[in-house]
Amino acid sequence: LERYHVDGLRVDAVASMIYRDYSRKPGEWIPNQYGGRENLEALDFLKRLNEVVYGSRPGAITVAEESTAWPMVSRPVHLGGLGFGFKWNMGWMHDVLEYMRNDPIHRKYHHNQLTFGLLYAWTENFVLPLSHDEVVYGKGSLLRKMPGDDWQRFANLRLLYAFMWAYPGKKLLFMGGEFGQSSEWNHDQGLEWWLLDAGPYHRGVRALVADLNRLYRALPALHQLDSDQAGFAWMDCDDWEQSAISFCRFAKDPADLVLCACNFTPVVRRGYRVGVPRPGYYAELVNTDSRLYGGSDVGHGGGVLAEPIPWHGQPHSLLLTLPPLGALWLRPTGS
């Protein structure tokens with residue numbers, strides 16, 4: 001942190017440090033002085049580490065890769081936490097990647113894998129990790145995890161990214177994912193940059209990630225309340241039959257919002273009504289099916305006007321066309 005000015009520290013396998021019996025059989029570990037399984041010395045070390053980092057380098061961060069339900073990993077030490085700034089959301093990563101691996105015709109039977117994470121999303125300051133761990137040792141690249149032909153695989157990947165960027169939590173995307181590398185990561189080889197010259201799909205993924213990053217920085221609704229329940233509201237999480245979801249993200253000013261609507265099947269959903277909290281014209285900020293990203297260009301030509309028809313418990317609603325294997329971001333313009 002001092003000499004090389006790294007942005008922060010990620011501590012791997014925290015669970016193996018804080019539990020004396022982690023991956024050990026009975027008789028292979030010694031209880032602590034109180035007879036418990038907690039490694040008190042390791043806990044003190046982690047707390048002190050975080051106190052020193054945040055006390056001496058306020059601009060740095062620490063991140064815990066912790067896979068259990070240990071509470072308050074990313075809460076301050078003086079409040080009883082371990083003091084990390086963030087915790088990897090391993091549950092979200094496993095659930096969502098497992099869901100995306102399913103053929104779209106079967107996804108409706110696994111709808112809870114999309115929605116379950118919101119039950120605990122505000123218990124920690126989470127990072128959504130699509131990390132190196134998911135693209136090595138025979139696991140395949142993110143693109144290869146997606147089902148279908150080339151068109152469907154790329155559409156699925158773009159849909160995953162738009163869903164992830166709109167979902168509460170900070171974003172982590174390992175190198176190669178930003179343009180849909182075909183092969184899994186190999187530390188003995190460079191990234192497959194030549195794929196950007198092999199057709200529109202890889203360039204489309206790169207363009208989408210660039211736009212998602214630009215909008216994520218520019219729109220307070222997407223980042224101001226990442227760890228606060230006030231920054232999120234489901235519009236509809238129950239449409240398992242059509243494998244569709246919709247939700248709003250809110251800034252500190254609740255009038256500043258972004259609607260995300262996702263269709264996890266290759267069937268175009270025309271006349272699909274979604275409730276919204278505000279009237280007015282909703283500009284289409286992102287359409288992952290845009291031809292700019294290699295899609296089929298099913299959309300709204302710029303946006304859609306809210307109607308005074310109550311829906312999903314909201315006073316207004318939008319009549320949308322959900323693109324195939326696509327996500328939409330829409331934002332009220334106030335006019």
# chains A, B, ... in the order shown; residues from 1 in each chain; ligands from 1
>>> residues_around(residues="Glu307 of chain A", least_positions_apart="6", cutoff="10 Å", atoms="only C-alpha atoms", output="VMD selection string")
chain A and resid 275 to 276 278 to 281 315 to 319
>>> write_last_selection(atoms="all heavy atoms", output="mmCIF file, in the first residue's frame")
data_model
loop_
_atom_site.group_PDB
_atom_site.id
_atom_site.type_symbol
_atom_site.label_atom_id
_atom_site.label_comp_id
_atom_site.auth_asym_id
_atom_site.auth_seq_id
_atom_site.Cartn_x
_atom_site.Cartn_y
_atom_site.Cartn_z
ATOM 1 N N GLY A 275 -45.016 -2.256 -13.721
ATOM 2 C CA GLY A 275 -45.346 -1.120 -12.883
ATOM 3 C C GLY A 275 -44.134 -0.238 -12.635
ATOM 4 O O GLY A 275 -42.998 -0.719 -12.554
ATOM 5 N N VAL A 276 -44.377 1.070 -12.513
ATOM 6 C CA VAL A 276 -43.309 2.031 -12.219
ATOM 7 C C VAL A 276 -43.838 3.066 -11.233
ATOM 8 O O VAL A 276 -45.035 3.375 -11.217
ATOM 9 C CB VAL A 276 -42.783 2.733 -13.492
ATOM 10 C CG1 VAL A 276 -41.964 1.776 -14.331
ATOM 11 C CG2 VAL A 276 -43.919 3.343 -14.296
ATOM 12 N N ARG A 278 -43.169 6.356 -11.063
ATOM 13 C CA ARG A 278 -43.280 7.743 -11.521
ATOM 14 C C ARG A 278 -43.934 7.807 -12.895
ATOM 15 O O ARG A 278 -43.773 6.897 -13.720
ATOM 16 C CB ARG A 278 -41.892 8.391 -11.604
ATOM 17 C CG ARG A 278 -41.226 8.693 -10.279
ATOM 18 C CD ARG A 278 -39.989 9.551 -10.515
ATOM 19 N NE ARG A 278 -40.328 10.786 -11.212
ATOM 20 C CZ ARG A 278 -39.418 11.601 -11.749
ATOM 21 N NH1 ARG A 278 -38.136 11.310 -11.667
ATOM 22 N NH2 ARG A 278 -39.803 12.702 -12.362
ATOM 23 N N PRO A 279 -44.646 8.908 -13.175
ATOM 24 C CA PRO A 279 -45.186 9.121 -14.520
ATOM 25 C C PRO A 279 -44.097 9.666 -15.432
ATOM 26 O O PRO A 279 -42.948 9.874 -15.026
ATOM 27 C CB PRO A 279 -46.285 10.154 -14.294
ATOM 28 C CG PRO A 279 -45.775 10.976 -13.148
ATOM 29 C CD PRO A 279 -45.040 10.007 -12.259
ATOM 30 N N GLY A 280 -44.471 9.913 -16.688
ATOM 31 C CA GLY A 280 -43.555 10.566 -17.614
ATOM 32 C C GLY A 280 -42.974 9.628 -18.652
ATOM 33 O O GLY A 280 -43.363 8.464 -18.772
ATOM 34 N N TYR A 281 -42.046 10.187 -19.399
ATOM 35 C CA TYR A 281 -41.383 9.456 -20.477
ATOM 36 C C TYR A 281 -40.148 8.769 -19.932
ATOM 37 O O TYR A 281 -39.314 9.390 -19.266
ATOM 38 C CB TYR A 281 -40.998 10.419 -21.596
ATOM 39 C CG TYR A 281 -40.361 9.752 -22.794
ATOM 40 C CD1 TYR A 281 -41.146 9.102 -23.747
ATOM 41 C CD2 TYR A 281 -38.986 9.777 -22.974
ATOM 42 C CE1 TYR A 281 -40.563 8.499 -24.846
ATOM 43 C CE2 TYR A 281 -38.399 9.176 -24.079
ATOM 44 C CZ TYR A 281 -39.187 8.538 -25.010
ATOM 45 O OH TYR A 281 -38.608 7.934 -26.097
ATOM 46 N N PRO A 315 -48.301 3.129 -9.039
ATOM 47 C CA PRO A 315 -49.395 3.949 -9.579
ATOM 48 C C PRO A 315 -49.385 4.088 -11.097
ATOM 49 O O PRO A 315 -50.383 4.520 -11.678
ATOM 50 C CB PRO A 315 -49.166 5.318 -8.918
ATOM 51 C CG PRO A 315 -47.698 5.345 -8.620
ATOM 52 C CD PRO A 315 -47.323 3.933 -8.293
ATOM 53 N N HIS A 316 -48.280 3.748 -11.746
ATOM 54 C CA HIS A 316 -48.161 3.891 -13.190
ATOM 55 C C HIS A 316 -47.540 2.608 -13.754
ATOM 56 O O HIS A 316 -47.072 1.735 -13.011
ATOM 57 C CB HIS A 316 -47.298 5.101 -13.555
ATOM 58 C CG HIS A 316 -47.678 6.350 -12.826
ATOM 59 N ND1 HIS A 316 -48.698 7.175 -13.238
ATOM 60 C CD2 HIS A 316 -47.169 6.909 -11.691
ATOM 61 C CE1 HIS A 316 -48.813 8.190 -12.398
ATOM 62 N NE2 HIS A 316 -47.906 8.054 -11.449
ATOM 63 N N SER A 317 -47.520 2.517 -15.077
ATOM 64 C CA SER A 317 -46.936 1.322 -15.687
ATOM 65 C C SER A 317 -46.465 1.638 -17.095
ATOM 66 O O SER A 317 -46.888 2.611 -17.729
ATOM 67 C CB SER A 317 -47.939 0.164 -15.706
ATOM 68 O OG SER A 317 -49.127 0.518 -16.414
ATOM 69 N N LEU A 318 -45.577 0.779 -17.569
ATOM 70 C CA LEU A 318 -45.048 0.856 -18.930
ATOM 71 C C LEU A 318 -45.466 -0.389 -19.693
ATOM 72 O O LEU A 318 -45.446 -1.507 -19.142
ATOM 73 C CB LEU A 318 -43.512 0.931 -18.917
ATOM 74 C CG LEU A 318 -42.846 2.027 -18.105
ATOM 75 C CD1 LEU A 318 -41.334 1.869 -18.165
ATOM 76 C CD2 LEU A 318 -43.256 3.403 -18.595
ATOM 77 N N LEU A 319 -45.828 -0.205 -20.946
ATOM 78 C CA LEU A 319 -46.116 -1.337 -21.812
ATOM 79 C C LEU A 319 -44.870 -1.569 -22.662
ATOM 80 O O LEU A 319 -44.579 -0.806 -23.590
ATOM 81 C CB LEU A 319 -47.337 -1.046 -22.690
ATOM 82 C CG LEU A 319 -47.979 -2.271 -23.362
ATOM 83 C CD1 LEU A 319 -48.497 -3.246 -22.300
ATOM 84 C CD2 LEU A 319 -49.118 -1.848 -24.284
#
>>> residues_around(residues="Tyr19 of chain A", least_positions_apart="4", cutoff="8 Å", atoms="only C-alpha atoms", output="short mmCIF file (atom, residue, chain, number, x, y, z; two decimals) with C-alpha atoms, in the first residue's frame")
data_model
loop_
_atom_site.label_atom_id
_atom_site.label_comp_id
_atom_site.auth_asym_id
_atom_site.auth_seq_id
_atom_site.Cartn_x
_atom_site.Cartn_y
_atom_site.Cartn_z
CA ALA A 15 -13.35 -18.99 6.38
CA ARG A 37 -14.46 -23.63 16.96
CA GLU A 38 -13.64 -19.96 16.33
CA ASN A 39 -9.98 -19.08 15.79
#
>>> residues_around(residues="segment 41-43 of chain A", least_positions_apart="2", cutoff="8 Å", atoms="only C-alpha atoms", output="JSON, numbers by chain")
{"A": [17, 18, 39, 45, 46, 47, 82]}
>>> select_by_dssp(residues="segment 20-125 of chain A", states="strand (DSSP E)", output="PyMOL selection string")
chain A and resi 61-64+86-88
>>> select_by_dssp(residues="segment 50-234 of chain A", states="alpha helix (DSSP H)", output="PyMOL selection string")
chain A and resi 50-56+90-101+112-115+142-145+150-166+200-218
>>> residues_around(residues="segment 155-163 of chain A", least_positions_apart="5", cutoff="6 Å", atoms="only C-alpha atoms", output="PDB file with C-alpha atoms, in the first residue's frame")
ATOM      1  CA  THR A 288     -28.609  -5.409 -24.689  1.00  0.00           C
ATOM      2  CA  LEU A 325     -32.435 -12.896 -23.968  1.00  0.00           C
ATOM      3  CA  GLY A 326     -32.225  -9.198 -23.281  1.00  0.00           C
ATOM      4  CA  ALA A 327     -32.237  -6.532 -20.608  1.00  0.00           C
TER       5      ALA A 327
END
>>> residues_around(residues="Arg101 of chain A", least_positions_apart="4", cutoff="10 Å", atoms="only C-alpha atoms", output="list in words")
Val96, Leu97, Arg107, Leu142, Arg144, Lys145, Met146, Pro147, Gly148, Arg153 and Asn156 of chain A
>>> write_last_selection(atoms="C-alpha atoms", output="mmCIF file, in the first residue's frame")
data_model
loop_
_atom_site.group_PDB
_atom_site.id
_atom_site.type_symbol
_atom_site.label_atom_id
_atom_site.label_comp_id
_atom_site.auth_asym_id
_atom_site.auth_seq_id
_atom_site.Cartn_x
_atom_site.Cartn_y
_atom_site.Cartn_z
ATOM 1 C CA VAL A 96 -26.631 -16.689 -10.999
ATOM 2 C CA LEU A 97 -24.011 -18.626 -12.974
ATOM 3 C CA ARG A 107 -34.981 -21.587 -16.362
ATOM 4 C CA LEU A 142 -17.981 -17.016 -19.039
ATOM 5 C CA ARG A 144 -18.691 -20.982 -22.738
ATOM 6 C CA LYS A 145 -20.932 -21.283 -19.688
ATOM 7 C CA MET A 146 -23.819 -19.811 -21.686
ATOM 8 C CA PRO A 147 -26.152 -22.247 -23.513
ATOM 9 C CA GLY A 148 -27.207 -22.167 -27.152
ATOM 10 C CA ARG A 153 -24.438 -17.391 -25.971
ATOM 11 C CA ASN A 156 -26.976 -14.471 -22.612
#
>>> residues_around(residues="segment 211-227 of chain A", least_positions_apart="5", cutoff="9 Å", atoms="only C-alpha atoms", output="list in words")
Ala121, Trp122, Thr123, Glu124, Asn125, Phe126, Tyr161, Ala162, Trp165, Ala166, Tyr167, Pro168, Gly169, Lys170, Arg206, Phe232, Cys248, Arg249, Phe250, Ala251, Lys252, Asp253, Pro254, Asp256, Leu257, Val258, Leu285 and Val286 of chain A
>>> write_last_selection(atoms="N, CA and C atoms", output="PDB file, in the first residue's frame")
ATOM      1  N   ALA A 121     -29.057  -9.217   0.681  1.00  0.00           N
ATOM      2  CA  ALA A 121     -28.197  -8.296  -0.059  1.00  0.00           C
ATOM      3  C   ALA A 121     -27.670  -7.143   0.786  1.00  0.00           C
ATOM      4  N   TRP A 122     -28.337  -6.801   1.882  1.00  0.00           N
ATOM      5  CA  TRP A 122     -27.918  -5.638   2.669  1.00  0.00           C
ATOM      6  C   TRP A 122     -27.331  -6.027   4.018  1.00  0.00           C
ATOM      7  N   THR A 123     -27.012  -7.300   4.192  1.00  0.00           N
ATOM      8  CA  THR A 123     -26.359  -7.735   5.423  1.00  0.00           C
ATOM      9  C   THR A 123     -24.874  -7.423   5.419  1.00  0.00           C
ATOM     10  N   GLU A 124     -24.296  -7.199   4.230  1.00  0.00           N
ATOM     11  CA  GLU A 124     -22.885  -6.861   4.082  1.00  0.00           C
ATOM     12  C   GLU A 124     -22.726  -5.835   2.966  1.00  0.00           C
ATOM     13  N   ASN A 125     -21.530  -5.280   2.848  1.00  0.00           N
ATOM     14  CA  ASN A 125     -21.175  -4.458   1.684  1.00  0.00           C
ATOM     15  C   ASN A 125     -20.613  -5.403   0.627  1.00  0.00           C
ATOM     16  N   PHE A 126     -21.451  -5.813  -0.292  1.00  0.00           N
ATOM     17  CA  PHE A 126     -21.079  -6.913  -1.177  1.00  0.00           C
ATOM     18  C   PHE A 126     -20.395  -6.451  -2.458  1.00  0.00           C
ATOM     19  N   TYR A 161     -24.482  -9.412 -17.893  1.00  0.00           N
ATOM     20  CA  TYR A 161     -23.758  -8.207 -17.500  1.00  0.00           C
ATOM     21  C   TYR A 161     -24.718  -7.065 -17.148  1.00  0.00           C
ATOM     22  N   ALA A 162     -25.757  -6.867 -17.938  1.00  0.00           N
ATOM     23  CA  ALA A 162     -26.700  -5.783 -17.642  1.00  0.00           C
ATOM     24  C   ALA A 162     -27.445  -6.044 -16.335  1.00  0.00           C
ATOM     25  N   TRP A 165     -24.800  -5.361 -13.496  1.00  0.00           N
ATOM     26  CA  TRP A 165     -24.489  -3.945 -13.287  1.00  0.00           C
ATOM     27  C   TRP A 165     -25.650  -3.205 -12.632  1.00  0.00           C
ATOM     28  N   ALA A 166     -26.877  -3.669 -12.844  1.00  0.00           N
ATOM     29  CA  ALA A 166     -28.033  -3.016 -12.218  1.00  0.00           C
ATOM     30  C   ALA A 166     -28.314  -3.556 -10.816  1.00  0.00           C
ATOM     31  N   TYR A 167     -27.773  -4.708 -10.498  1.00  0.00           N
ATOM     32  CA  TYR A 167     -28.021  -5.386  -9.214  1.00  0.00           C
ATOM     33  C   TYR A 167     -27.221  -4.699  -8.104  1.00  0.00           C
ATOM     34  N   PRO A 168     -27.761  -4.627  -6.881  1.00  0.00           N
ATOM     35  CA  PRO A 168     -27.017  -3.987  -5.787  1.00  0.00           C
ATOM     36  C   PRO A 168     -25.690  -4.693  -5.512  1.00  0.00           C
ATOM     37  N   GLY A 169     -24.631  -3.918  -5.361  1.00  0.00           N
ATOM     38  CA  GLY A 169     -23.311  -4.462  -5.086  1.00  0.00           C
ATOM     39  C   GLY A 169     -22.283  -3.947  -6.079  1.00  0.00           C
ATOM     40  N   LYS A 170     -21.033  -3.894  -5.652  1.00  0.00           N
ATOM     41  CA  LYS A 170     -19.956  -3.462  -6.536  1.00  0.00           C
ATOM     42  C   LYS A 170     -19.630  -4.572  -7.527  1.00  0.00           C
ATOM     43  N   ARG A 206     -17.754  -5.786 -25.744  1.00  0.00           N
ATOM     44  CA  ARG A 206     -16.865  -4.723 -25.261  1.00  0.00           C
ATOM     45  C   ARG A 206     -17.587  -3.376 -25.223  1.00  0.00           C
ATOM     46  N   PHE A 232     -33.336  -0.062  -3.585  1.00  0.00           N
ATOM     47  CA  PHE A 232     -33.825  -1.151  -4.447  1.00  0.00           C
ATOM     48  C   PHE A 232     -35.288  -1.442  -4.164  1.00  0.00           C
ATOM     49  N   CYS A 248     -36.425  -1.646  -9.702  1.00  0.00           N
ATOM     50  CA  CYS A 248     -35.934  -0.273  -9.780  1.00  0.00           C
ATOM     51  C   CYS A 248     -34.783  -0.078  -8.814  1.00  0.00           C
ATOM     52  N   ARG A 249     -33.813   0.723  -9.233  1.00  0.00           N
ATOM     53  CA  ARG A 249     -32.748   1.204  -8.364  1.00  0.00           C
ATOM     54  C   ARG A 249     -32.972   2.695  -8.116  1.00  0.00           C
ATOM     55  N   PHE A 250     -32.716   3.128  -6.881  1.00  0.00           N
ATOM     56  CA  PHE A 250     -32.996   4.504  -6.487  1.00  0.00           C
ATOM     57  C   PHE A 250     -31.744   5.186  -5.950  1.00  0.00           C
ATOM     58  N   ALA A 251     -31.619   6.481  -6.236  1.00  0.00           N
ATOM     59  CA  ALA A 251     -30.586   7.308  -5.628  1.00  0.00           C
ATOM     60  C   ALA A 251     -31.081   7.787  -4.262  1.00  0.00           C
ATOM     61  N   LYS A 252     -30.267   8.590  -3.586  1.00  0.00           N
ATOM     62  CA  LYS A 252     -30.711   9.168  -2.316  1.00  0.00           C
ATOM     63  C   LYS A 252     -31.971  10.004  -2.511  1.00  0.00           C
ATOM     64  N   ASP A 253     -32.070  10.648  -3.649  1.00  0.00           N
ATOM     65  CA  ASP A 253     -33.314  11.294  -4.055  1.00  0.00           C
ATOM     66  C   ASP A 253     -34.177  10.225  -4.712  1.00  0.00           C
ATOM     67  N   PRO A 254     -35.254   9.769  -4.067  1.00  0.00           N
ATOM     68  CA  PRO A 254     -36.026   8.643  -4.602  1.00  0.00           C
ATOM     69  C   PRO A 254     -36.679   8.921  -5.945  1.00  0.00           C
ATOM     70  N   ASP A 256     -35.044   9.950  -8.395  1.00  0.00           N
ATOM     71  CA  ASP A 256     -33.989   9.595  -9.345  1.00  0.00           C
ATOM     72  C   ASP A 256     -33.875   8.077  -9.363  1.00  0.00           C
ATOM     73  N   LEU A 257     -34.356   7.452 -10.422  1.00  0.00           N
ATOM     74  CA  LEU A 257     -34.432   6.001 -10.453  1.00  0.00           C
ATOM     75  C   LEU A 257     -34.062   5.456 -11.832  1.00  0.00           C
ATOM     76  N   VAL A 258     -33.729   4.167 -11.847  1.00  0.00           N
ATOM     77  CA  VAL A 258     -33.496   3.425 -13.085  1.00  0.00           C
ATOM     78  C   VAL A 258     -34.266   2.116 -12.987  1.00  0.00           C
ATOM     79  N   LEU A 285     -32.073   3.632 -21.825  1.00  0.00           N
ATOM     80  CA  LEU A 285     -30.640   3.875 -21.675  1.00  0.00           C
ATOM     81  C   LEU A 285     -29.802   2.718 -22.197  1.00  0.00           C
ATOM     82  N   VAL A 286     -30.262   1.506 -21.937  1.00  0.00           N
ATOM     83  CA  VAL A 286     -29.549   0.297 -22.357  1.00  0.00           C
ATOM     84  C   VAL A 286     -30.550  -0.700 -22.903  1.00  0.00           C
TER      85      VAL A 286
END
>>> residues_around(residues="Val127 of chain A", least_positions_apart="5", cutoff="12 Å", atoms="only C-alpha atoms", output="VMD selection string")
chain A and resid 10 61 to 66 74 84 to 93 121 to 122 164 to 165 167 to 173 226 to 227
>>> write_last_selection(atoms="N, CA, C and O atoms", output="short mmCIF file (atom, residue, chain, number, x, y, z; two decimals), in the first residue's frame")
data_model
loop_
_atom_site.label_atom_id
_atom_site.label_comp_id
_atom_site.auth_asym_id
_atom_site.auth_seq_id
_atom_site.Cartn_x
_atom_site.Cartn_y
_atom_site.Cartn_z
N ARG A 10 -7.16 -7.99 -1.01
CA ARG A 10 -8.19 -9.02 -0.98
C ARG A 10 -7.64 -10.20 -0.20
O ARG A 10 -6.57 -10.72 -0.51
N ILE A 61 -8.93 -0.07 0.20
CA ILE A 61 -10.05 -0.94 0.57
C ILE A 61 -9.50 -2.31 0.95
O ILE A 61 -8.40 -2.70 0.53
N THR A 62 -10.26 -3.04 1.73
CA THR A 62 -9.97 -4.45 1.99
C THR A 62 -11.23 -5.25 1.66
O THR A 62 -12.35 -4.81 1.92
N VAL A 63 -11.03 -6.41 1.07
CA VAL A 63 -12.13 -7.24 0.61
C VAL A 63 -11.93 -8.66 1.12
O VAL A 63 -10.83 -9.22 1.00
N ALA A 64 -12.97 -9.25 1.68
CA ALA A 64 -12.91 -10.61 2.20
C ALA A 64 -13.57 -11.58 1.23
O ALA A 64 -14.73 -11.38 0.84
N GLU A 65 -12.84 -12.61 0.84
CA GLU A 65 -13.44 -13.73 0.13
C GLU A 65 -13.83 -14.74 1.20
O GLU A 65 -13.01 -15.53 1.65
N GLU A 66 -15.07 -14.64 1.65
CA GLU A 66 -15.54 -15.41 2.81
C GLU A 66 -16.82 -16.11 2.41
O GLU A 66 -17.78 -15.48 1.99
N SER A 74 -18.13 -7.13 6.87
CA SER A 74 -17.82 -5.80 6.33
C SER A 74 -18.40 -4.69 7.20
O SER A 74 -18.80 -3.64 6.69
N PHE A 84 -13.64 -5.40 7.42
CA PHE A 84 -13.41 -5.34 5.98
C PHE A 84 -14.33 -4.29 5.36
O PHE A 84 -15.43 -4.01 5.85
N GLY A 85 -13.87 -3.72 4.24
CA GLY A 85 -14.71 -2.77 3.53
C GLY A 85 -15.79 -3.46 2.72
O GLY A 85 -16.91 -2.96 2.59
N PHE A 86 -15.46 -4.65 2.18
CA PHE A 86 -16.39 -5.37 1.32
C PHE A 86 -16.24 -6.87 1.53
O PHE A 86 -15.21 -7.35 2.02
N LYS A 87 -17.27 -7.59 1.12
CA LYS A 87 -17.25 -9.05 1.13
C LYS A 87 -17.71 -9.56 -0.22
O LYS A 87 -18.69 -9.06 -0.78
N TRP A 88 -16.98 -10.53 -0.77
CA TRP A 88 -17.41 -11.15 -2.01
C TRP A 88 -18.74 -11.87 -1.80
O TRP A 88 -18.90 -12.63 -0.84
N ASN A 89 -19.67 -11.66 -2.73
CA ASN A 89 -20.97 -12.32 -2.64
C ASN A 89 -20.90 -13.64 -3.39
O ASN A 89 -21.31 -13.75 -4.55
N MET A 90 -20.37 -14.64 -2.71
CA MET A 90 -20.18 -15.95 -3.33
C MET A 90 -21.51 -16.61 -3.65
O MET A 90 -21.66 -17.31 -4.66
N GLY A 91 -22.51 -16.40 -2.78
CA GLY A 91 -23.81 -16.99 -3.02
C GLY A 91 -24.45 -16.47 -4.29
O GLY A 91 -25.00 -17.25 -5.09
N TRP A 92 -24.40 -15.15 -4.50
CA TRP A 92 -24.94 -14.57 -5.74
C TRP A 92 -24.24 -15.15 -6.95
O TRP A 92 -24.88 -15.53 -7.93
N MET A 93 -22.93 -15.21 -6.90
CA MET A 93 -22.16 -15.70 -8.05
C MET A 93 -22.54 -17.14 -8.39
O MET A 93 -22.82 -17.45 -9.55
N ALA A 121 -29.06 -9.22 0.68
CA ALA A 121 -28.20 -8.30 -0.06
C ALA A 121 -27.67 -7.14 0.79
O ALA A 121 -26.63 -6.56 0.45
N TRP A 122 -28.34 -6.80 1.88
CA TRP A 122 -27.92 -5.64 2.67
C TRP A 122 -27.33 -6.03 4.02
O TRP A 122 -27.15 -5.19 4.88
N MET A 164 -26.24 -7.81 -13.83
CA MET A 164 -25.23 -7.65 -12.78
C MET A 164 -24.95 -6.19 -12.47
O MET A 164 -24.88 -5.79 -11.30
N TRP A 165 -24.80 -5.36 -13.50
CA TRP A 165 -24.49 -3.95 -13.29
C TRP A 165 -25.65 -3.21 -12.63
O TRP A 165 -25.44 -2.21 -11.95
N TYR A 167 -27.77 -4.71 -10.50
CA TYR A 167 -28.02 -5.39 -9.21
C TYR A 167 -27.22 -4.70 -8.10
O TYR A 167 -26.10 -4.24 -8.32
N PRO A 168 -27.76 -4.63 -6.88
CA PRO A 168 -27.02 -3.99 -5.79
C PRO A 168 -25.69 -4.69 -5.51
O PRO A 168 -25.63 -5.92 -5.44
N GLY A 169 -24.63 -3.92 -5.36
CA GLY A 169 -23.31 -4.46 -5.09
C GLY A 169 -22.28 -3.95 -6.08
O GLY A 169 -22.62 -3.60 -7.21
N LYS A 170 -21.03 -3.89 -5.65
CA LYS A 170 -19.96 -3.46 -6.54
C LYS A 170 -19.63 -4.57 -7.53
O LYS A 170 -19.92 -5.75 -7.28
N LYS A 171 -19.02 -4.21 -8.64
CA LYS A 171 -18.85 -5.15 -9.74
C LYS A 171 -17.38 -5.58 -9.87
O LYS A 171 -16.48 -4.75 -9.80
N LEU A 172 -17.17 -6.88 -10.07
CA LEU A 172 -15.84 -7.40 -10.34
C LEU A 172 -15.94 -8.32 -11.55
O LEU A 172 -16.64 -9.34 -11.52
N LEU A 173 -15.24 -7.95 -12.62
CA LEU A 173 -15.23 -8.74 -13.85
C LEU A 173 -13.78 -9.00 -14.22
O LEU A 173 -13.02 -8.08 -14.50
N ASP A 226 -25.98 1.29 -2.79
CA ASP A 226 -25.69 -0.12 -3.07
C ASP A 226 -25.92 -1.02 -1.86
O ASP A 226 -26.32 -2.17 -2.00
N SER A 227 -25.63 -0.51 -0.67
CA SER A 227 -25.72 -1.33 0.54
C SER A 227 -26.88 -0.90 1.44
O SER A 227 -26.86 -1.16 2.64
#
>>> atom_distance(atom1="atom CA of Trp151 of chain A", atom2="atom CA of Ala283 of chain A")
26.3 Å
>>> decode(residues="segment 273-283 of chain A", atoms="N, CA, C and O atoms", output="mmCIF file, in the first residue's frame")
data_model
loop_
_atom_site.group_PDB
_atom_site.id
_atom_site.type_symbol
_atom_site.label_atom_id
_atom_site.label_comp_id
_atom_site.auth_asym_id
_atom_site.auth_seq_id
_atom_site.Cartn_x
_atom_site.Cartn_y
_atom_site.Cartn_z
ATOM 1 N N ARG A 273 -46.401 -5.606 -19.491
ATOM 2 C CA ARG A 273 -46.627 -4.439 -18.633
ATOM 3 C C ARG A 273 -45.824 -4.550 -17.339
ATOM 4 O O ARG A 273 -45.819 -5.588 -16.682
ATOM 5 N N VAL A 274 -45.170 -3.437 -16.990
ATOM 6 C CA VAL A 274 -44.351 -3.362 -15.781
ATOM 7 C C VAL A 274 -44.746 -2.113 -15.008
ATOM 8 O O VAL A 274 -44.809 -1.008 -15.576
ATOM 9 N N GLY A 275 -45.016 -2.256 -13.721
ATOM 10 C CA GLY A 275 -45.346 -1.120 -12.883
ATOM 11 C C GLY A 275 -44.134 -0.238 -12.635
ATOM 12 O O GLY A 275 -42.998 -0.719 -12.554
ATOM 13 N N VAL A 276 -44.377 1.070 -12.513
ATOM 14 C CA VAL A 276 -43.309 2.031 -12.219
ATOM 15 C C VAL A 276 -43.838 3.066 -11.233
ATOM 16 O O VAL A 276 -45.035 3.375 -11.217
ATOM 17 N N PRO A 277 -42.963 3.647 -10.411
ATOM 18 C CA PRO A 277 -43.428 4.589 -9.373
ATOM 19 C C PRO A 277 -43.667 6.006 -9.863
ATOM 20 O O PRO A 277 -44.303 6.791 -9.155
ATOM 21 N N ARG A 278 -43.169 6.356 -11.063
ATOM 22 C CA ARG A 278 -43.280 7.743 -11.521
ATOM 23 C C ARG A 278 -43.934 7.807 -12.895
ATOM 24 O O ARG A 278 -43.773 6.897 -13.720
ATOM 25 N N PRO A 279 -44.646 8.908 -13.175
ATOM 26 C CA PRO A 279 -45.186 9.121 -14.520
ATOM 27 C C PRO A 279 -44.097 9.666 -15.432
ATOM 28 O O PRO A 279 -42.948 9.874 -15.026
ATOM 29 N N GLY A 280 -44.471 9.913 -16.688
ATOM 30 C CA GLY A 280 -43.555 10.566 -17.614
ATOM 31 C C GLY A 280 -42.974 9.628 -18.652
ATOM 32 O O GLY A 280 -43.363 8.464 -18.772
ATOM 33 N N TYR A 281 -42.046 10.187 -19.399
ATOM 34 C CA TYR A 281 -41.383 9.456 -20.477
ATOM 35 C C TYR A 281 -40.148 8.769 -19.932
ATOM 36 O O TYR A 281 -39.314 9.390 -19.266
ATOM 37 N N TYR A 282 -40.038 7.474 -20.221
ATOM 38 C CA TYR A 282 -38.890 6.688 -19.768
ATOM 39 C C TYR A 282 -37.955 6.453 -20.951
ATOM 40 O O TYR A 282 -38.295 5.757 -21.909
ATOM 41 N N ALA A 283 -36.780 7.065 -20.882
ATOM 42 C CA ALA A 283 -35.794 6.914 -21.947
ATOM 43 C C ALA A 283 -35.103 5.567 -21.823
ATOM 44 O O ALA A 283 -34.772 5.114 -20.717
#
